Every structure is written in C-alpha cells, then in structure tokens.
$ cat my_file_16.pdb   # PDB, C-alpha atoms
ATOM      1  CA  PRO F   1     -77.427  56.351 -28.954
ATOM      2  CA  MET F   2     -78.745  57.112 -32.440
ATOM      3  CA  ILE F   3     -80.671  53.809 -32.561
ATOM      4  CA  LYS F   4     -82.219  54.507 -29.148
ATOM      5  CA  PHE F   5     -83.234  57.927 -30.432
ATOM      6  CA  PHE F   6     -85.032  56.373 -33.440
ATOM      7  CA  ARG F   7     -86.642  53.747 -31.231
ATOM      8  CA  LYS F   8     -88.042  56.421 -28.903
ATOM      9  CA  ILE F   9     -89.460  58.340 -31.858
ATOM     10  CA  ARG F  10     -91.121  55.179 -33.197
ATOM     11  CA  GLN F  11     -92.687  54.464 -29.828
ATOM     12  CA  ASN F  12     -94.095  58.007 -29.670
ATOM     13  CA  LEU F  13     -95.448  57.693 -33.217
ATOM     14  CA  LEU F  14     -97.199  54.430 -32.361
ATOM     15  CA  LEU F  15     -98.739  56.009 -29.291
ATOM     16  CA  GLU F  16     -99.932  58.931 -31.428
ATOM     17  CA  GLY F  17    -101.268  56.538 -34.108
ATOM     18  CA  LYS F  18     -99.020  57.927 -36.841
ATOM     19  CA  THR F  19     -98.229  54.574 -38.478
ATOM     20  CA  GLY F  20     -97.025  56.067 -41.798
ATOM     21  CA  LYS F  21     -94.297  58.044 -40.122
ATOM     22  CA  TYR F  22     -93.601  55.039 -37.892
ATOM     23  CA  PHE F  23     -92.700  52.884 -40.893
ATOM     24  CA  LYS F  24     -90.513  55.638 -42.343
ATOM     25  CA  TYR F  25     -88.512  55.832 -39.133
ATOM     26  CA  ALA F  26     -88.359  52.033 -38.956
ATOM     27  CA  VAL F  27     -86.862  51.946 -42.453
ATOM     28  CA  GLY F  28     -84.435  54.708 -41.437
ATOM     29  CA  GLU F  29     -83.357  52.695 -38.446
ATOM     30  CA  ILE F  30     -82.741  49.625 -40.624
ATOM     31  CA  VAL F  31     -80.738  51.695 -43.123
ATOM     32  CA  LEU F  32     -78.685  53.133 -40.280
ATOM     33  CA  VAL F  33     -77.927  49.619 -38.952
ATOM     34  CA  VAL F  34     -76.930  48.406 -42.423
ATOM     35  CA  ILE F  35     -74.631  51.399 -42.928
ATOM     36  CA  GLY F  36     -73.038  50.719 -39.556
ATOM     37  CA  ILE F  37     -72.445  47.063 -40.464
ATOM     38  CA  LEU F  38     -70.919  48.038 -43.821
ATOM     39  CA  ILE F  39     -68.610  50.552 -42.161
ATOM     40  CA  ALA F  40     -67.547  47.938 -39.596
ATOM     41  CA  LEU F  41     -66.891  45.394 -42.351
ATOM     42  CA  ASN F  42     -64.889  47.943 -44.317
ATOM     43  CA  ILE F  43     -62.767  48.772 -41.273
ATOM     44  CA  ASN F  44     -62.242  45.071 -40.567
ATOM     45  CA  ASN F  45     -61.286  44.374 -44.205
ATOM     46  CA  ARG F  46     -58.894  47.289 -44.170
ATOM     47  CA  ASN F  47     -57.307  46.049 -40.946
ATOM     48  CA  GLU F  48     -56.932  42.561 -42.428
ATOM     49  CA  PHE F  49     -55.398  44.037 -45.590
ATOM     50  CA  ASN F  50     -52.953  46.144 -43.575
ATOM     51  CA  LYS F  51     -51.966  43.063 -41.578
ATOM     52  CA  SER F  52     -51.451  41.022 -44.757
ATOM     53  CA  TYR F  53     -49.536  43.875 -46.391
ATOM     54  CA  LYS F  54     -47.168  44.142 -43.417
ATOM     55  CA  GLU F  55     -46.568  40.388 -43.595
ATOM     56  CA  THR F  56     -45.902  40.703 -47.327
ATOM     57  CA  ILE F  57     -43.403  43.518 -46.792
ATOM     58  CA  ASN F  58     -41.640  41.457 -44.123
ATOM     59  CA  ASN F  59     -41.505  38.493 -46.508
ATOM     60  CA  LEU F  60     -40.141  40.673 -49.300
ATOM     61  CA  ASN F  61     -37.429  41.996 -46.999
ATOM     62  CA  GLN F  62     -36.524  38.417 -46.114
ATOM     63  CA  VAL F  63     -36.449  37.513 -49.826
ATOM     64  CA  LYS F  64     -34.118  40.468 -50.334
ATOM     65  CA  TYR F  65     -31.819  39.233 -47.552
ATOM     66  CA  GLU F  66     -31.693  35.743 -49.048
ATOM     67  CA  LEU F  67     -30.972  37.195 -52.490
ATOM     68  CA  GLU F  68     -28.038  39.102 -51.020
ATOM     69  CA  GLN F  69     -26.821  35.811 -49.553
ATOM     70  CA  ASP F  70     -27.251  34.178 -52.968
ATOM     71  CA  ILE F  71     -25.195  36.912 -54.652
ATOM     72  CA  ALA F  72     -22.368  36.470 -52.120
ATOM     73  CA  PHE F  73     -22.515  32.698 -52.743
ATOM     74  CA  TYR F  74     -22.397  33.128 -56.542
ATOM     75  CA  LYS F  75     -19.452  35.537 -56.381
ATOM     76  CA  ASN F  76     -17.551  33.169 -54.122
ATOM     77  CA  GLU F  77     -18.236  30.277 -56.487
ATOM     78  CA  ILE F  78     -17.115  32.330 -59.500
ATOM     79  CA  SER F  79     -13.849  33.097 -57.715
ATOM     80  CA  TYR F  80     -13.408  29.420 -56.814
ATOM     81  CA  SER F  81     -14.173  28.363 -60.400
ATOM     82  CA  ASP F  82     -11.548  30.793 -61.728
ATOM     83  CA  GLY F  83      -8.937  29.229 -59.464
ATOM     84  CA  LEU F  84      -9.972  25.701 -60.409
ATOM     85  CA  LEU F  85      -9.842  26.476 -64.147
ATOM     86  CA  LYS F  86      -6.272  27.790 -63.726
ATOM     87  CA  LYS F  87      -5.300  24.565 -61.944
ATOM     88  CA  PHE F  88      -6.813  22.514 -64.790
ATOM     89  CA  LYS F  89      -4.784  24.503 -67.306
ATOM     90  CA  HIS F  90      -1.519  23.984 -65.396
ATOM     91  CA  ILE F  91      -2.179  20.240 -65.051
ATOM     92  CA  LYS F  92      -2.949  19.791 -68.760
ATOM     93  CA  GLN F  93       0.256  21.635 -69.655
ATOM     94  CA  LYS F  94       2.236  19.712 -67.007
ATOM     95  CA  GLU F  95       3.192  22.937 -65.272
ATOM     96  CA  PHE F  96       3.619  21.164 -61.970
ATOM     97  CA  ASP F  97       5.564  24.043 -60.415
ATOM     98  CA  SER F  98       2.348  26.089 -60.543
ATOM     99  CA  VAL F  99      -0.028  23.490 -59.123
ATOM    100  CA  LYS F 100      -0.036  20.743 -56.497
ATOM    101  CA  VAL F 101      -0.095  17.782 -58.828
ATOM    102  CA  GLY F 102      -0.820  15.420 -55.950
ATOM    103  CA  LYS F 103      -4.201  17.108 -55.511
ATOM    104  CA  VAL F 104      -5.400  16.062 -58.976
ATOM    105  CA  PHE F 105      -8.031  13.759 -57.470
ATOM    106  CA  ASP F 106      -9.531  16.626 -55.431
ATOM    107  CA  TYR F 107      -9.406  19.073 -58.321
ATOM    108  CA  VAL F 108     -10.914  16.874 -61.030
ATOM    109  CA  SER F 109     -13.613  15.334 -58.813
ATOM    110  CA  THR F 110     -14.797  18.723 -57.531
ATOM    111  CA  ASN F 111     -18.592  19.068 -57.478
ATOM    112  CA  LEU F 112     -20.738  22.086 -58.154
ATOM    113  CA  THR F 113     -21.877  23.513 -54.836
ATOM    114  CA  ILE F 114     -25.598  23.552 -54.067
ATOM    115  CA  PRO F 115     -26.725  26.872 -52.536
ATOM    116  CA  VAL F 116     -28.604  27.142 -49.278
ATOM    117  CA  ILE F 117     -32.346  26.548 -49.679
ATOM    118  CA  SER F 118     -34.326  29.788 -49.772
ATOM    119  CA  ASN F 119     -37.650  29.568 -47.942
ATOM    120  CA  SER F 120     -38.906  33.145 -48.015
ATOM    121  CA  TYR F 121     -40.159  33.133 -51.603
ATOM    122  CA  ASN F 122     -42.025  29.846 -51.041
ATOM    123  CA  LYS F 123     -43.468  31.261 -47.833
ATOM    124  CA  LEU F 124     -44.643  34.370 -49.670
ATOM    125  CA  ASN F 125     -46.058  32.352 -52.543
ATOM    126  CA  GLU F 126     -47.877  29.845 -50.329
ATOM    127  CA  SER F 127     -49.328  32.557 -48.060
ATOM    128  CA  GLY F 128     -51.512  33.833 -50.891
ATOM    129  CA  ASN F 129     -50.301  37.352 -50.131
ATOM    130  CA  ILE F 130     -48.167  37.575 -53.257
ATOM    131  CA  ASP F 131     -51.170  39.103 -55.047
ATOM    132  CA  ILE F 132     -50.813  42.086 -52.704
ATOM    133  CA  VAL F 133     -47.505  42.951 -54.390
ATOM    134  CA  LYS F 134     -48.274  45.870 -56.683
ATOM    135  CA  ASP F 135     -45.504  45.362 -59.229
ATOM    136  CA  SER F 136     -46.310  42.506 -61.597
ATOM    137  CA  ILE F 137     -42.765  42.700 -63.006
ATOM    138  CA  LEU F 138     -41.429  41.930 -59.512
ATOM    139  CA  ILE F 139     -43.775  38.942 -59.173
ATOM    140  CA  ASN F 140     -42.744  37.545 -62.575
ATOM    141  CA  SER F 141     -39.045  38.190 -61.918
ATOM    142  CA  MET F 142     -39.147  36.317 -58.610
ATOM    143  CA  HIS F 143     -40.997  33.423 -60.248
ATOM    144  CA  ARG F 144     -38.421  33.145 -63.065
ATOM    145  CA  TYR F 145     -35.517  33.363 -60.640
ATOM    146  CA  TYR F 146     -36.746  30.825 -58.085
ATOM    147  CA  SER F 147     -38.959  28.462 -60.057
ATOM    148  CA  ASP F 148     -36.929  28.415 -63.270
ATOM    149  CA  ASN F 149     -33.316  29.564 -63.176
ATOM    150  CA  ARG F 150     -32.257  28.882 -59.586
ATOM    151  CA  ASP F 151     -33.906  25.460 -59.680
ATOM    152  CA  THR F 152     -32.172  24.775 -63.009
ATOM    153  CA  TYR F 153     -28.796  25.366 -61.389
ATOM    154  CA  ILE F 154     -29.670  23.124 -58.432
ATOM    155  CA  ARG F 155     -30.595  20.304 -60.830
ATOM    156  CA  MET F 156     -27.306  20.856 -62.704
ATOM    157  CA  ALA F 157     -25.365  20.699 -59.436
ATOM    158  CA  GLU F 158     -27.124  17.504 -58.360
ATOM    159  CA  PHE F 159     -26.388  15.880 -61.743
ATOM    160  CA  ASN F 160     -22.740  16.964 -61.572
ATOM    161  CA  SER F 161     -22.405  15.581 -58.042
ATOM    162  CA  LYS F 162     -23.807  12.189 -59.084
ATOM    163  CA  PHE F 163     -21.673  12.068 -62.249
ATOM    164  CA  SER F 164     -18.552  12.931 -60.271
ATOM    165  CA  SER F 165     -19.300  10.305 -57.639
ATOM    166  CA  ASP F 166     -20.300   7.562 -60.092
ATOM    167  CA  LYS F 167     -17.839   8.176 -62.941
ATOM    168  CA  ILE F 168     -14.982  10.549 -62.188
ATOM    169  CA  GLU F 169     -14.004   9.373 -58.690
ATOM    170  CA  GLY F 170     -14.162   5.721 -59.720
ATOM    171  CA  TYR F 171     -11.938   6.324 -62.726
ATOM    172  CA  LEU F 172      -9.372   8.328 -60.748
ATOM    173  CA  ILE F 173      -9.201   5.770 -57.949
ATOM    174  CA  TYR F 174      -8.748   2.969 -60.479
ATOM    175  CA  THR F 175      -6.089   4.643 -62.667
ATOM    176  CA  LEU F 176      -4.042   6.914 -60.396
ATOM    177  CA  GLU F 177      -1.545   5.856 -57.775
ATOM    178  CA  LEU F 178      -3.098   7.342 -54.643
ATOM    179  CA  ASP F 179      -1.862   7.339 -51.062
ATOM    180  CA  GLU F 180      -4.075   7.190 -47.963
ATOM    181  CA  ASN F 181      -4.825  10.902 -48.340
ATOM    182  CA  LEU F 182      -5.908  10.399 -51.978
ATOM    183  CA  GLU F 183      -2.845  12.279 -53.216
ATOM    184  CA  ALA F 184      -1.650  11.083 -56.617
ATOM    185  CA  SER F 185       1.888  10.294 -57.652
ATOM    186  CA  GLU F 186       3.292  12.555 -60.358
ATOM    187  CA  ALA F 187       4.191   9.580 -62.552
ATOM    188  CA  SER F 188       0.616   8.257 -62.609
ATOM    189  CA  VAL F 189      -0.730  11.715 -63.426
ATOM    190  CA  ILE F 190       1.713  12.103 -66.310
ATOM    191  CA  ASN F 191       0.775   8.651 -67.606
ATOM    192  CA  GLU F 192      -2.956   9.479 -67.627
ATOM    193  CA  LEU F 193      -2.275  12.830 -69.251
ATOM    194  CA  ASP F 194      -0.227  11.173 -71.976
ATOM    195  CA  ASN F 195      -2.927   8.635 -72.818
ATOM    196  CA  GLY F 196      -5.489  11.444 -73.061
ATOM    197  CA  LYS F 197      -8.068  10.086 -70.607
ATOM    198  CA  LEU F 198      -7.296  12.486 -67.786
ATOM    199  CA  ILE F 199      -7.239  15.392 -70.237
ATOM    200  CA  ASN F 200     -10.731  14.413 -71.426
ATOM    201  CA  LEU F 201     -12.002  14.494 -67.843
ATOM    202  CA  ILE F 202     -10.323  17.836 -67.192
ATOM    203  CA  ASN F 203     -11.810  19.251 -70.396
ATOM    204  CA  TYR F 204     -15.254  18.059 -69.318
ATOM    205  CA  GLN F 205     -14.955  19.617 -65.863
ATOM    206  CA  SER F 206     -13.514  22.807 -67.383
ATOM    207  CA  LYS F 207     -16.612  23.195 -69.543
ATOM    208  CA  VAL F 208     -18.855  22.511 -66.538
ATOM    209  CA  PHE F 209     -17.214  25.169 -64.368
ATOM    210  CA  GLU F 210     -16.892  27.689 -67.190
ATOM    211  CA  SER F 211     -20.605  27.332 -67.940
ATOM    212  CA  ASN F 212     -21.226  27.499 -64.210
ATOM    213  CA  LYS F 213     -19.435  30.861 -64.021
ATOM    214  CA  GLN F 214     -21.524  32.311 -66.835
ATOM    215  CA  PHE F 215     -24.754  31.054 -65.303
ATOM    216  CA  PHE F 216     -23.815  32.532 -61.928
ATOM    217  CA  GLU F 217     -23.163  35.906 -63.557
ATOM    218  CA  PHE F 218     -26.635  35.679 -65.081
ATOM    219  CA  LEU F 219     -28.170  34.784 -61.709
ATOM    220  CA  ILE F 220     -26.358  37.692 -60.052
ATOM    221  CA  SER F 221     -27.844  40.150 -62.546
ATOM    222  CA  GLN F 222     -31.292  38.657 -61.963
ATOM    223  CA  ALA F 223     -30.955  38.781 -58.173
ATOM    224  CA  GLU F 224     -29.707  42.382 -58.243
ATOM    225  CA  ASN F 225     -32.642  43.397 -60.429
ATOM    226  CA  ILE F 226     -35.137  41.755 -58.041
ATOM    227  CA  ILE F 227     -33.539  43.540 -55.071
ATOM    228  CA  THR F 228     -34.013  46.867 -56.878
ATOM    229  CA  LEU F 229     -37.676  46.041 -57.556
ATOM    230  CA  ILE F 230     -38.220  44.970 -53.930
ATOM    231  CA  ASN F 231     -36.753  48.266 -52.685
ATOM    232  CA  GLU F 232     -39.132  50.170 -54.956
ATOM    233  CA  GLU F 233     -42.104  48.096 -53.775
ATOM    234  CA  VAL F 234     -41.252  48.472 -50.086
ATOM    235  CA  ASN F 235     -40.500  52.196 -50.282
ATOM    236  CA  ASN F 236     -43.637  52.984 -52.252
TER     237      ASN F 236
END

$ encode --input "my_file_16.pdb" --output "structure tokens"
Amino acid sequence: PMIKFFRKIRQNLLLEGKTGKYFKYAVGEIVLVVIGILIALNINNRNEFNKSYKETINNLNQVKYELEQDIAFYKNEISYSDGLLKKFKHIKQKEFDSVKVGKVFDYVSTNLTIPVISNSYNKLNESGNIDIVKDSILINSMHRYYSDNRDTYIRMAEFNSKFSSDKIEGYLIYTLELDENLEASEASVINELDNGKLINLINYQSKVFESNKQFFEFLISQAENIITLINEEVNN
C-alpha cells in the first residue's frame, strides 16, 4: 500500500510537471523498497538462526544423554576391573578357595571393553552449528573428551584385544591343560605359576586393568564436567 501511495504521488507530480519533487519521491520509494528487503532478510536470517540453534540444543541434549551412558559404562567397567584384580591376586597367591581356578583362561585373556560409538558429537561437529554454542570452554571440553581422551581409550582397548588374541590366548592354550569348555586343570595352573610365566601374564593384565580404572575415573570426571556445561548452555 505504501509503494502504491508513492507511485500515485509520482504520477501526479509528472502530470503537474514537478520533476524535481518526482525524483525525490522516486528515491524515497527506492529507499523504502531497500529497507523492506533488509528487514525481510533480517527476519529470514533470524529464523534460520533460531532453527539452527534449536538443532544445536537438541544435539547437545543428545550428547548429554550419551555422556550419561558413557559414565554408566565406565562405572560398570571399574567395578568389573576391581573384581578381576581380586581374582588375579587370589590366583597368584594360590588361594584357590577364593577363586574358580578353572576359569584362569577366561580371567587372564579378558579384553578391555570398547564403549558404544557416540554419534551425537560428530553430528554436531559436522553440522557446522557447533559455532553457535556460546561457551568456548564447552566446545574445547567436548573436543578433548571425544577427539583425544575417549579415542585414546578406544585405541588402547583395540590394542589390548589384539594382544590378548595373538599372545595371551595362544600361550594359555599351549601351556594349560584345558577341557572342551576351556577350563584349566589346577595342576597345570600351579605348574605355570611356579615357573613364573603365568604370573608375568597376570602382572601384565593387572597393570592394564589398574591403569584402565584410573583412566575411566578421569573420563568420568570429564564427562560430568561436560554435562554441567551443557546444562548451563541449554538453560541460558
């Protein structure tokens, strides 16, 4: 309606021969159109930003959920490691009343468990929306957790799995008297303990799982800190 109003005025000015005023109104009409375009672009940009921000918040909430799953996984693995370390101690000391000696193969060849793959951080990172996150500390903390520390553990677990499969299982199968269920005879376990080879393997695995416990405790503290930062980001 406003543009039609200016157009009508310009037409009247032309009819009256007032070309100076005509050009002034023409410029005014152009300015009005430009302002309208800029306002429309601003509204569109704001709508796009709001859409991206909502997607970012949803991704952050999903990252939070996966971190909570990670924490539960780490705590479970710490508990399992504690039990395994006690079994190693009983076996080394030949306290066979406190441990199922026949399960030596299972105990000593135990692998580090690889956690479930987390996709939400990668999704957030690849979307390009991570720059929308206001807290740079949160961005850096997520990067360290996923790209550095969590990946470090996964590489450790993969190495441990290969070492166990290639070295430990082969040695145990070759040296222990195992039945069809891979349960070892007590005599063969005692023999390998006495010659020191089985103790060396147990000591190696003990160090692996003790280090694993400490690293999990570190990852738990990192994950809990990121969850706190996500809550602050989402609520603000």

$ resolve_selection --input "my_file_16.pdb" --expression "the PyMOL selection byres ((chain F and resi 208-220) around 7)" --output "NGL selection string"
:F and (71 or 74 or 78 or 81 or 204-207 or 221-224)

$ resolve_selection --input "my_file_16.pdb" --expression "the PyMOL selection byres ((chain F and resi 175-191) around 9)" --output "compact mmCIF listing (two decimals) with C-alpha atoms, in the frame of the given file"
# COMPACT_ATOMS: atom_id res chain seq x y z
CA ILE F 91 -2.18 20.24 -65.05
CA LYS F 94 2.24 19.71 -67.01
CA PHE F 96 3.62 21.16 -61.97
CA VAL F 101 -0.10 17.78 -58.83
CA GLY F 102 -0.82 15.42 -55.95
CA LYS F 103 -4.20 17.11 -55.51
CA VAL F 104 -5.40 16.06 -58.98
CA PHE F 105 -8.03 13.76 -57.47
CA ASP F 106 -9.53 16.63 -55.43
CA GLY F 170 -14.16 5.72 -59.72
CA TYR F 171 -11.94 6.32 -62.73
CA LEU F 172 -9.37 8.33 -60.75
CA ILE F 173 -9.20 5.77 -57.95
CA TYR F 174 -8.75 2.97 -60.48
CA GLU F 192 -2.96 9.48 -67.63
CA LEU F 193 -2.28 12.83 -69.25
CA ASP F 194 -0.23 11.17 -71.98
CA ASN F 195 -2.93 8.64 -72.82
CA GLY F 196 -5.49 11.44 -73.06
CA LEU F 198 -7.30 12.49 -67.79

$ closest_residue --input "my_file_16.pdb" --among "F:Ser79, F:Ser136, F:Asn125, F:Asn119" --to "F:Ile226" --atoms "all atoms listed in the file"
F:Ser136

$ closest_residue --input "my_file_16.pdb" --among "F:Ile57, F:Leu201, F:Val234, F:Met142" --to "F:Asn129" --atoms "only C-alpha atoms"
F:Ile57

$ closest_residue --input "my_file_16.pdb" --among "F:Asn149, F:Asn203, F:Ser127, F:Ser109" --to "F:Lys167" --atoms "all atoms listed in the file"
F:Ser109

$ residues_around --input "my_file_16.pdb" --residues "stretch 154-162 of chain F" --least-positions-apart "2" --cutoff "9 Å" --atoms "only C-alpha atoms" --output "list in words"
Ser109, Thr110, Asn111, Leu112, Thr113, Ile114, Pro115, Asn149, Arg150, Asp151, Thr152, Ser164, Ser165, Asp166, Lys167 and Val208 of chain F

$ atom_distance --input "my_file_16.pdb" --atom1 "atom CA of F:Tyr80" --atom2 "atom CA of F:Tyr146"
23.4 Å

$ atom_distance --input "my_file_16.pdb" --atom1 "atom CA of F:Val108" --atom2 "atom CA of F:Leu85"
10.2 Å

$ resolve_selection --input "my_file_16.pdb" --expression "the PyMOL selection byres ((chain F and resi 69) around 12)" --output "list in words"
Gln62, Val63, Lys64, Tyr65, Glu66, Leu67, Glu68, Asp70, Ile71, Ala72, Phe73, Tyr74, Lys75, Asn76, Pro115, Val116, Ile117, Ser118, Ile220, Ala223, Glu224 and Ile227 of chain F

$ closest_residue --input "my_file_16.pdb" --among "F:Ile168, F:Ile132, F:Leu229, F:Val34" --to "F:Asn200" --atoms "only C-alpha atoms"
F:Ile168

$ atom_distance --input "my_file_16.pdb" --atom1 "atom CA of F:Glu233" --atom2 "atom CA of F:Val133"
7.5 Å
